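Chemist: Dropping in data-v2.cif, with mmCIF, C-alpha atoms.
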data_coords
loop_
_atom_site.label_atom_id
_atom_site.label_comp_id
_atom_site.auth_asym_id
_atom_site.auth_seq_id
_atom_site.Cartn_x
_atom_site.Cartn_y
_atom_site.Cartn_z
CA MET H 1 222.75 -72.26 -32.73
CA ASN H 2 219.39 -71.29 -31.36
CA LYS H 3 218.07 -72.33 -27.98
CA ILE H 4 214.47 -73.54 -28.00
CA GLY H 5 212.41 -71.73 -25.40
CA TRP H 6 214.98 -69.01 -24.81
CA ASN H 7 215.46 -66.44 -27.55
CA GLY H 8 213.75 -68.52 -30.24
CA PRO H 9 215.29 -69.64 -33.53
CA THR H 10 216.69 -66.93 -35.76
CA ARG H 11 218.43 -69.04 -38.43
CA ARG H 12 216.56 -68.42 -41.68
CA GLN H 13 217.26 -70.50 -44.73
CA GLY H 14 215.34 -70.75 -47.99
CA LEU H 15 215.65 -74.51 -48.00
CA LEU H 16 213.61 -77.47 -49.15
CA GLY H 17 211.12 -78.06 -46.67
CA THR H 18 205.85 -80.51 -42.07
CA LEU H 19 193.59 -87.72 -32.90
CA GLY H 20 191.22 -87.52 -35.34
CA LEU H 21 188.31 -85.39 -34.28
CA GLY H 22 185.76 -87.94 -35.29
CA LEU H 23 185.01 -86.32 -38.65
CA ALA H 24 184.60 -88.74 -41.52
CA ALA H 25 182.88 -88.82 -44.84
CA THR H 26 179.34 -90.20 -44.87
CA PRO H 27 178.37 -91.98 -48.09
CA LEU H 28 175.53 -90.29 -49.97
CA ALA H 29 172.21 -92.03 -49.75
CA ALA H 30 171.65 -91.59 -53.48
CA PRO H 31 173.64 -90.13 -56.35
CA PHE H 32 173.22 -86.47 -57.21
CA ILE H 33 171.76 -85.76 -60.60
CA GLY H 34 171.42 -82.76 -62.84
CA GLY H 35 171.99 -79.37 -61.23
CA ALA H 36 172.16 -80.93 -57.77
CA ALA H 37 175.67 -82.19 -58.52
CA ALA H 38 177.12 -78.80 -57.64
CA ALA H 39 176.12 -79.37 -54.01
CA GLU H 40 178.04 -82.65 -53.69
CA PRO H 41 180.78 -82.46 -51.01
CA ILE H 42 184.44 -82.31 -51.96
CA ARG H 43 186.01 -85.44 -50.49
CA ILE H 44 189.64 -85.61 -49.33
CA GLY H 45 191.48 -88.64 -47.92
CA LEU H 46 193.93 -88.83 -45.02
CA VAL H 47 196.19 -91.87 -44.50
CA LEU H 48 198.01 -91.70 -41.17
CA ALA H 49 198.96 -94.17 -38.45
CA LYS H 50 196.32 -95.01 -35.84
CA GLN H 51 198.59 -97.52 -34.10
CA GLY H 52 202.28 -98.23 -33.53
CA ALA H 53 205.38 -96.07 -33.06
CA MET H 54 204.14 -93.14 -35.14
CA VAL H 55 200.89 -92.47 -33.27
CA GLN H 56 202.30 -89.77 -31.00
CA GLN H 57 203.26 -87.81 -34.12
CA THR H 58 200.30 -88.62 -36.35
CA GLU H 59 197.83 -87.58 -33.66
CA TYR H 60 199.19 -84.05 -33.94
CA ILE H 61 199.36 -84.18 -37.75
CA ALA H 62 195.69 -85.18 -37.88
CA GLN H 63 194.69 -82.50 -35.39
CA GLY H 64 196.38 -79.85 -37.53
CA THR H 65 194.71 -81.26 -40.64
CA TYR H 66 191.25 -81.11 -39.11
CA LEU H 67 191.88 -77.60 -37.74
CA ALA H 68 192.71 -76.37 -41.26
CA LEU H 69 189.45 -77.93 -42.45
CA GLN H 70 187.48 -76.29 -39.66
CA GLN H 71 188.98 -72.94 -40.60
CA ASN H 72 188.08 -73.53 -44.27
CA PRO H 73 184.94 -75.74 -44.21
CA THR H 74 183.81 -74.85 -47.72
CA VAL H 75 185.72 -74.65 -50.99
CA LEU H 76 184.21 -73.50 -54.28
CA GLY H 77 180.95 -73.06 -52.37
CA ARG H 78 180.88 -76.78 -51.42
CA THR H 79 181.43 -78.48 -48.07
CA VAL H 80 184.61 -80.53 -47.60
CA GLU H 81 184.61 -84.01 -46.07
CA LEU H 82 187.70 -85.77 -44.75
CA THR H 83 188.09 -89.53 -44.26
CA TRP H 84 191.01 -90.84 -42.18
CA LEU H 85 192.33 -94.39 -42.72
CA ASP H 86 195.29 -96.21 -41.12
CA GLU H 87 198.81 -96.88 -42.45
CA PRO H 88 200.09 -99.96 -40.56
CA ASP H 89 202.64 -100.74 -43.28
CA PRO H 90 203.46 -99.66 -46.86
CA GLN H 91 201.18 -102.22 -48.51
CA ALA H 92 198.22 -101.38 -46.27
CA ALA H 93 198.83 -97.64 -46.69
CA GLN H 94 198.70 -98.08 -50.45
CA GLN H 95 195.59 -100.26 -50.24
CA ASN H 96 193.81 -97.74 -48.01
CA MET H 97 194.72 -94.94 -50.37
CA GLN H 98 193.28 -96.95 -53.25
CA LYS H 99 190.14 -97.55 -51.19
CA LEU H 100 189.72 -93.82 -50.67
CA ILE H 101 190.12 -93.19 -54.39
CA GLU H 102 187.77 -95.92 -55.58
CA GLU H 103 185.10 -95.97 -52.86
CA GLN H 104 185.09 -92.44 -51.46
CA LYS H 105 185.92 -90.78 -54.77
CA VAL H 106 188.36 -88.40 -53.05
CA VAL H 107 189.90 -85.63 -55.14
CA ALA H 108 193.23 -85.70 -53.24
CA VAL H 109 195.01 -87.58 -50.44
CA LEU H 110 197.31 -86.44 -47.63
CA GLY H 111 199.44 -88.45 -45.20
CA GLY H 112 202.24 -90.98 -45.03
CA GLY H 113 203.77 -90.68 -41.56
CA LEU H 114 206.68 -92.94 -42.43
CA SER H 115 208.85 -92.53 -45.52
CA ALA H 116 208.31 -96.14 -46.62
CA ASN H 117 204.54 -95.63 -46.51
CA ALA H 118 204.77 -92.28 -48.28
CA LEU H 119 206.80 -93.82 -51.10
CA ALA H 120 204.16 -96.52 -51.56
CA MET H 121 201.40 -93.91 -51.56
CA SER H 122 203.29 -91.75 -54.01
CA ALA H 123 203.45 -94.65 -56.45
CA ALA H 124 199.69 -95.16 -56.04
CA ALA H 125 199.08 -91.46 -56.66
CA ASN H 126 201.06 -91.61 -59.87
CA ARG H 127 199.13 -94.64 -61.13
CA ALA H 128 195.74 -93.11 -60.26
CA LYS H 129 196.81 -89.63 -61.37
CA ILE H 130 195.48 -88.09 -58.15
CA PRO H 131 197.15 -85.29 -56.12
CA TYR H 132 198.95 -86.53 -53.00
CA ILE H 133 200.70 -84.45 -50.33
CA ALA H 134 203.23 -86.22 -48.08
CA ASN H 135 202.89 -84.15 -44.91
CA ASN H 136 205.61 -85.77 -42.77
CA ALA H 137 207.99 -88.13 -44.60
CA ALA H 138 211.57 -86.94 -45.20
CA ALA H 139 213.32 -89.57 -47.37
CA ARG H 140 214.98 -87.96 -50.38
CA GLU H 141 213.42 -90.35 -52.91
CA ILE H 142 209.96 -88.81 -52.51
CA THR H 143 211.05 -85.67 -54.33
CA GLY H 144 214.18 -87.27 -55.76
CA LYS H 145 214.46 -90.28 -58.03
CA ASP H 146 210.88 -91.39 -57.31
CA CYS H 147 209.21 -87.99 -57.67
CA ASN H 148 206.20 -87.71 -59.96
CA ARG H 149 203.74 -85.10 -61.18
CA TYR H 150 201.07 -85.94 -58.60
CA THR H 151 203.19 -86.03 -55.41
CA PHE H 152 203.99 -82.99 -53.25
CA ARG H 153 205.95 -82.93 -49.99
CA VAL H 154 205.97 -80.58 -46.95
CA GLN H 155 208.81 -81.96 -44.78
CA PRO H 156 212.36 -80.85 -45.67
CA SER H 157 214.28 -83.70 -47.26
CA VAL H 158 216.96 -85.61 -45.35
CA PRO H 159 219.91 -84.21 -47.37
CA VAL H 160 218.77 -80.62 -46.83
CA GLN H 161 218.34 -81.05 -43.08
CA THR H 162 221.68 -82.86 -42.93
CA ARG H 163 223.42 -79.90 -44.52
CA ALA H 164 221.65 -77.50 -42.18
CA ILE H 165 222.79 -79.23 -38.98
CA ALA H 166 226.22 -80.50 -40.10
CA PRO H 167 228.18 -77.29 -39.29
CA TYR H 168 227.05 -77.52 -35.67
CA LEU H 169 227.99 -81.18 -35.36
CA SER H 170 231.45 -80.58 -36.80
CA LYS H 171 232.10 -78.18 -33.92
CA LEU H 172 231.43 -81.02 -31.50
CA GLY H 173 234.11 -83.20 -33.09
CA LYS H 174 234.78 -85.46 -36.07
CA LYS H 175 234.34 -88.90 -34.52
CA TRP H 176 230.72 -89.87 -35.16
CA TYR H 177 228.65 -92.90 -34.18
CA PHE H 178 225.49 -93.69 -36.19
CA LEU H 179 222.34 -95.23 -34.70
CA THR H 180 219.66 -95.34 -37.38
CA ALA H 181 216.44 -97.14 -38.22
CA SER H 182 216.66 -99.92 -40.79
CA TYR H 183 214.09 -98.47 -43.21
CA ALA H 184 214.00 -95.64 -45.77
CA PHE H 185 214.21 -92.68 -43.37
CA GLY H 186 217.07 -94.06 -41.26
CA GLN H 187 218.95 -95.38 -44.25
CA ASP H 188 218.79 -91.99 -45.94
CA ILE H 189 220.11 -90.32 -42.77
CA LEU H 190 223.02 -92.76 -42.60
CA ARG H 191 223.88 -92.23 -46.26
CA SER H 192 223.63 -88.44 -46.01
CA PHE H 193 225.70 -88.00 -42.84
CA ARG H 194 228.34 -90.47 -44.02
CA ALA H 195 228.86 -88.30 -47.09
CA VAL H 196 229.23 -85.16 -44.94
CA LEU H 197 231.61 -86.89 -42.52
CA LYS H 198 233.80 -88.03 -45.41
CA GLU H 199 233.92 -84.50 -46.80
CA GLN H 200 235.05 -83.24 -43.40
CA GLY H 201 237.75 -85.88 -43.06
CA GLY H 202 236.04 -87.34 -40.00
CA THR H 203 235.94 -90.87 -38.64
CA GLU H 204 233.00 -93.25 -38.32
CA VAL H 205 233.62 -95.02 -35.00
CA GLY H 206 230.53 -97.21 -35.03
CA THR H 207 227.24 -97.93 -36.79
CA ASP H 208 224.06 -99.75 -35.79
CA GLU H 209 220.90 -100.09 -37.86
CA VAL H 210 217.92 -101.08 -35.73
CA PRO H 211 214.37 -102.24 -36.51
CA LEU H 212 211.31 -100.06 -36.03
CA ASN H 213 209.74 -100.43 -32.56
CA THR H 214 212.97 -101.60 -30.89
CA PRO H 215 212.13 -101.83 -27.15
CA ASP H 216 215.63 -102.09 -25.64
CA TYR H 217 218.61 -99.97 -26.68
CA SER H 218 220.90 -100.84 -23.77
CA SER H 219 223.25 -103.01 -25.83
CA PHE H 220 223.64 -100.25 -28.41
CA ILE H 221 224.22 -97.63 -25.71
CA LEU H 222 226.98 -99.78 -24.17
CA LYS H 223 228.64 -100.03 -27.60
CA ILE H 224 228.47 -96.25 -27.96
CA ARG H 225 230.01 -95.77 -24.52
CA GLN H 226 232.92 -98.04 -25.46
CA ALA H 227 233.45 -96.33 -28.84
CA LYS H 228 233.71 -92.87 -27.19
CA PRO H 229 232.48 -90.80 -30.17
CA ASP H 230 232.40 -87.01 -30.19
CA VAL H 231 228.72 -87.13 -31.18
CA VAL H 232 226.01 -89.73 -31.76
CA VAL H 233 224.01 -89.14 -34.94
CA GLY H 234 220.55 -90.65 -34.64
CA GLY H 235 218.12 -91.69 -37.31
CA LEU H 236 215.21 -93.03 -35.25
CA ALA H 237 211.56 -92.04 -35.54
CA ALA H 238 208.76 -91.01 -33.18
CA SER H 239 208.44 -93.21 -30.07
CA ASP H 240 211.67 -95.05 -30.94
CA ILE H 241 213.78 -91.95 -30.35
CA SER H 242 211.86 -91.23 -27.15
CA THR H 243 212.54 -94.77 -25.92
CA PHE H 244 216.23 -94.44 -26.79
CA LEU H 245 216.66 -91.07 -25.07
CA LYS H 246 214.97 -92.29 -21.89
CA GLN H 247 217.28 -95.31 -21.74
CA TRP H 248 220.26 -93.10 -22.68
CA ASN H 249 219.52 -90.98 -19.61
CA GLU H 250 218.87 -93.98 -17.37
CA LEU H 251 222.31 -95.38 -18.22
CA GLY H 252 223.96 -92.09 -17.27
CA MET H 253 224.86 -90.91 -20.77
CA ARG H 254 223.07 -87.55 -20.77
CA GLY H 255 225.68 -84.79 -20.93
CA ARG H 256 228.54 -87.22 -21.55
CA ILE H 257 228.25 -87.57 -25.33
CA PRO H 258 226.18 -85.14 -27.46
CA PHE H 259 223.22 -86.61 -29.33
CA ALA H 260 221.89 -85.16 -32.60
CA GLU H 261 219.20 -85.98 -35.11
CA ILE H 262 217.36 -84.33 -37.99
CA ALA H 263 213.59 -84.06 -38.56
CA ILE H 264 212.86 -84.35 -34.86
CA GLY H 265 209.27 -84.03 -33.73
CA ASP H 266 208.38 -81.93 -30.69
CA THR H 267 206.40 -84.89 -29.36
CA ASP H 268 209.52 -87.06 -29.48
CA ILE H 269 211.22 -84.70 -27.04
CA TRP H 270 208.22 -83.77 -24.91
CA SER H 271 207.61 -87.43 -24.05
CA VAL H 272 211.14 -87.75 -22.65
CA GLY H 273 210.49 -85.06 -20.04
CA PRO H 274 212.82 -82.54 -18.35
CA ALA H 275 215.91 -84.70 -18.90
CA ALA H 276 215.75 -84.37 -22.70
CA SER H 277 218.65 -82.74 -24.50
CA GLY H 278 220.26 -82.71 -27.92
CA VAL H 279 220.85 -80.83 -31.17
CA TYR H 280 218.16 -81.19 -33.81
CA SER H 281 216.73 -79.83 -37.04
CA LYS H 282 213.00 -79.22 -37.46
CA PRO H 283 210.77 -77.23 -39.82
CA TRP H 284 208.82 -75.13 -37.32
CA TYR H 285 208.52 -74.05 -33.69
CA PHE H 286 205.34 -72.59 -32.22
CA ASN H 287 207.15 -69.86 -30.25
CA ASP H 288 209.47 -68.71 -33.04
CA PRO H 289 209.30 -64.89 -33.21
CA ASN H 290 209.76 -65.15 -36.98
CA ASN H 291 206.47 -66.99 -37.45
CA SER H 292 204.01 -65.43 -39.87
CA PRO H 293 200.68 -63.90 -38.77
CA ALA H 294 198.94 -66.99 -40.19
CA ASP H 295 201.19 -69.27 -38.15
CA ARG H 296 200.56 -67.26 -35.00
CA ALA H 297 196.82 -67.40 -35.61
CA PHE H 298 197.11 -71.17 -36.07
CA THR H 299 198.99 -71.45 -32.76
CA GLU H 300 196.29 -69.53 -30.90
CA ALA H 301 193.48 -71.51 -32.52
CA TYR H 302 195.21 -74.76 -31.65
CA ARG H 303 195.78 -73.67 -28.04
CA ALA H 304 192.14 -72.67 -27.70
CA LYS H 305 190.97 -76.05 -28.99
CA HIS H 306 193.46 -78.40 -27.31
CA SER H 307 194.71 -76.42 -24.26
CA ARG H 308 198.35 -76.97 -25.19
CA PRO H 309 200.85 -75.57 -27.69
CA PRO H 310 200.93 -77.15 -31.15
CA ALA H 311 203.76 -79.52 -31.96
CA ASP H 312 205.56 -78.99 -35.25
CA LYS H 313 203.70 -82.02 -36.60
CA ALA H 314 200.36 -80.27 -36.02
CA TRP H 315 201.63 -77.32 -38.04
CA MET H 316 202.77 -79.64 -40.85
CA GLY H 317 199.33 -81.24 -41.02
CA TRP H 318 197.68 -77.82 -40.95
CA LEU H 319 199.94 -76.38 -43.65
CA ALA H 320 199.49 -79.36 -45.97
CA MET H 321 195.69 -79.21 -45.70
CA ARG H 322 195.65 -75.42 -45.94
CA SER H 323 197.74 -75.51 -49.11
CA LEU H 324 195.44 -78.13 -50.65
CA LEU H 325 192.21 -76.30 -49.86
CA GLU H 326 193.57 -72.97 -51.07
CA SER H 327 194.93 -74.63 -54.21
CA ILE H 328 191.55 -76.13 -55.07
CA GLU H 329 190.00 -72.69 -54.65
CA LEU H 330 192.79 -71.20 -56.77
CA ALA H 331 192.27 -73.83 -59.47
CA GLY H 332 188.51 -73.24 -59.49
CA SER H 333 187.99 -76.95 -60.04
CA THR H 334 188.27 -80.37 -58.38
CA ALA H 335 189.64 -81.97 -61.53
CA GLN H 336 192.91 -83.76 -60.73
CA GLU H 337 195.07 -81.89 -63.23
CA ALA H 338 193.57 -78.58 -62.15
CA ILE H 339 194.43 -79.28 -58.49
CA VAL H 340 198.02 -80.16 -59.45
CA ASP H 341 198.21 -76.87 -61.33
CA GLY H 342 196.77 -75.04 -58.33
CA LEU H 343 199.33 -76.60 -55.96
CA GLU H 344 202.12 -75.57 -58.33
CA ARG H 345 200.82 -71.99 -58.30
CA TRP H 346 200.04 -71.81 -54.56
CA ARG H 347 202.06 -69.29 -52.57
CA ALA H 348 202.16 -68.09 -48.96
CA MET H 349 204.53 -65.89 -46.97
CA ASP H 350 206.44 -66.59 -43.78
CA GLY H 351 207.73 -63.17 -42.79
CA ASP H 352 209.99 -62.13 -45.65
CA LEU H 353 210.30 -65.67 -47.03
CA PRO H 354 207.90 -67.24 -49.54
CA ILE H 355 206.50 -70.74 -49.03
CA TYR H 356 205.65 -72.79 -52.11
CA TYR H 357 206.00 -76.16 -53.80
CA ARG H 358 208.89 -76.09 -56.23
CA ASN H 359 207.49 -76.84 -59.67
CA TRP H 360 210.09 -79.29 -60.92
CA ASP H 361 209.99 -81.73 -57.98
CA HIS H 362 207.07 -80.48 -55.82
CA GLN H 363 209.23 -80.08 -52.73
CA MET H 364 207.96 -77.34 -50.45
CA LEU H 365 210.44 -74.54 -49.88
CA HIS H 366 210.41 -73.36 -46.28
CA ARG H 367 212.75 -72.51 -43.44
CA THR H 368 214.72 -75.19 -41.64
CA LEU H 369 215.53 -74.55 -37.97
CA VAL H 370 218.54 -75.88 -36.08
CA VAL H 371 217.78 -76.03 -32.37
CA GLU H 372 219.22 -77.18 -29.08
CA VAL H 373 216.74 -78.68 -26.63
CA ARG H 374 217.14 -77.43 -23.07
CA THR H 375 215.49 -78.40 -19.81
CA ARG H 376 214.00 -74.92 -19.47
CA PHE H 377 212.03 -75.41 -22.69
CA ILE H 378 210.64 -78.77 -21.67
CA THR H 379 209.43 -77.68 -18.23
CA ALA H 380 208.14 -74.25 -19.26
CA GLU H 381 206.43 -75.04 -22.55
CA ALA H 382 205.64 -78.72 -22.81
CA GLY H 383 204.37 -79.25 -19.29
#
What would you get if you wrote out this structure as structure tokens?

Modeler:
Amino acid sequence: MNKIGWNGPTRRQGLLGTLGLGLAATPLAAPFIGGAAAAEPIRIGLVLAKQGAMVQQTEYIAQGTYLALQQNPTVLGRTVELTWLDEPDPQAAQQNMQKLIEEQKVVAVLGGGLSANALAMSAAANRAKIPYIANNAAAREITGKDCNRYTFRVQPSVPVQTRAIAPYLSKLGKKWYFLTASYAFGQDILRSFRAVLKEQGGTEVGTDEVPLNTPDYSSFILKIRQAKPDVVVGGLAASDISTFLKQWNELGMRGRIPFAEIAIGDTDIWSVGPAASGVYSKPWYFNDPNNSPADRAFTEAYRAKHSRPPADKAWMGWLAMRSLLESIELAGSTAQEAIVDGLERWRAMDGDLPIYYRNWDHQMLHRTLVVEVRTRFITAEAG
């Protein structure tokens, strides 16, 4: 297992895969006509949380998205405009996506911080036949049973990340306790890890499914203490996991029972502070020596702009937007089918590994890292 902030991750796997800046589309005063149409901006939509538990992650995703746009401000000789709308719940996320399509006439949409929202947006993309890139959500259905021609996904799926981290958890013991969110992401984690535990002949010593934005985990932590598992497998998201880990430490559980979770965000750990610990999977780390020249250039550009290292979520937003802009250029057109074709043909390299969207389900193939968070990393790198 690799130690974050020490030697850097070295585990390489070709696996299934990632604050607004005040930039928004301005409606045209009058329609373009004739030859002037070529000068019309290319409009892209972004649907990410501006409130609630996901904000600490979506701020970074949006910052990465806008940085990619600033690095590539024109495509096909035309300027690119980005409009960012909120995703308070699946219905509103879908409605805002539809608003972007009908009113802003966007050629593609990115976003969906939560899996439930991304699934709703994916369905809208399929109905409207417009390219959509889920830049954060991990639930298997997005590129599984609910996949469609117009949806692409950056984040590694839950089953893939489960398989990546499972060998490390089995070394900790075979008595597992599950604490997962009661929506698509958490439910997929519970289902995936239960299957692995059964294969290993392990024992499930306790399970709790909790609502999003749970403020007090003390009763669950007391149940975990009484169950005495070898490891706690989490399935919480964003500020929820930060809240849990803070209370876990306050109740004296840090170091007593290992905690593990997949698809962790750097921001989830940074907000806990020096007392954070655990075993996690994630798609990217800014100080990984295996990062590509493009990734290193992104890190430096982000540092220069924000005076801090980029979280993995910023990289995911950047990579999703970069892949879209380069795919439109590759397609030579903003027609919806042409962009889909461009995304299917888009390729990049990460060292000796290719990055691309797999044609048959549009899941991005990229490395998955398994990391252990240590105090040294938090104090030295996150400030």

Chemist: Written as number ranges by chain, what is the full residue list that the PyMOL selection byres ((chain H and resi 202) around 10) yields on the file shown?

Modeler: H: 170, 173-176, 194, 196-201, 203-205

Chemist: Work out how far apart atom CA of Gln91 of chain H and atom CA of Thr162 of chain H are and give it in Å to one decimal.

Modeler: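 These atoms are spaced 28.7 Å apart.
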
Chemist: Could you check how far atom CA of Gly265 of chain H sits from atom CA of Trp318 of chain H, in Å to one decimal?

Modeler: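 Result for atom CA of Gly265 of chain H versus atom CA of Trp318 of chain H: 15.0 Å, one decimal.
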
Chemist: For the file shown, report as a list in words the outcome of the PyMOL selection byres ((chain H and resi 85) around 6) at residue level.

Modeler: Val47, Trp84 and Asp86 of chain H

Chemist: List the residues matched by the PyMOL selection byres ((chain H and resi 298) around 9) in the displayed structure as a PyMOL selection string, ordered by chain and then by residue number.

Modeler: chain H and resi 64+67-68+293-297+299-303+310+315+318

Chemist: As JSON, numbers by chain, please: the residues near segment 184-190 of chain H (cut-off 10 Å, all atoms listed in the file, same-chain neighbours under 2 positions excluded).

Modeler: {"H": [114, 115, 116, 117, 119, 137, 138, 139, 140, 141, 157, 158, 159, 161, 162, 178, 179, 180, 181, 182, 192, 193, 194, 195, 207, 208, 209, 210, 211, 212, 233, 234, 235, 236, 237, 261, 262, 263]}

Chemist: Enter the distance from atom CA of Ala320 of chain H to atom CA of Arg78 of chain H, in Å, rounded to one decimal.

Modeler: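 Computing it gives 19.6 Å between the two atoms.
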
Chemist: Which residue is closest to Thr79 of chain H? Choose from H:Gln95, H:Leu325, H:Ser281, H:Leu245 and count only C-alpha atoms.

Modeler: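 Of the candidates, the smallest distance to Thr79 of chain H is held by H:Leu325.
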
Chemist: My list of candidates is H:Val107, H:Ile165, H:Val373, H:Met364. Which is closest to Phe152 of chain H when distances are computed with only C-alpha atoms?

Modeler: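 Of all the options, H:Met364 lies closest to Phe152 of chain H.
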
Chemist: My list of candidates is H:Gly45, H:Ser122, H:Val55, H:Asn72. Which is closest to Glu102 of chain H when distances are computed with only C-alpha atoms?

Modeler: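 For Glu102 of chain H, the nearest of the given residues is H:Gly45.
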
Chemist: May I ask which of the residues H:Val279, H:Glu59, H:Tyr150, H:Arg254 is the closest one to Gly342 of chain H, counting all atoms listed in the file?

Modeler: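 Distance minimum relative to Gly342 of chain H lands on H:Tyr150.
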
Chemist: Determine the nearest neighbour of Tyr168 of chain H from the options H:Val272, H:Lys313, H:Ser323, H:Glu372, counting all atoms listed in the file.

Modeler: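 Under the stated criterion, the closest residue is H:Glu372.
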
Chemist: From the set H:Asn136, H:Gln51, H:Thr243, H:Asn126, which residue has the shortest atom-to-atom contact distance to Asn148 of chain H, counting all atoms listed in the file?

Modeler: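 Of H:Asn136, H:Gln51, H:Thr243, H:Asn126, the one nearest Asn148 of chain H, counting all atoms listed in the file, is H:Asn126.
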
Chemist: Would you pick out the contacts of segment 213-224 of chain H at 8 Å or less, using only C-alpha atoms, so that residues sharing its chain but fewer than 4 positions from it are not included, and give the list as a list in words?

Modeler: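 Residues near the query, excluding close chain neighbours: Gly52, Ala53, Tyr177, Gly206, Asp208, Lys228, Pro229, Val232, Ser239, Asp240, Thr243, Phe244, Gln247, Trp248 and Leu251 of chain H.
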
Chemist: So that I can see what lies close to Ala134 of chain H, please list as a list in words the residues with an atom at most 8 Å from it, counting all atoms listed in the file and leaving out residues fewer than 5 positions away in the same chain.

Modeler: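 Counting all atoms listed in the file, the residues come to Leu110, Gly111, Gly112, Gly113, Ala118, Thr151, Phe152, Arg153, Val154 and Gln155 of chain H.
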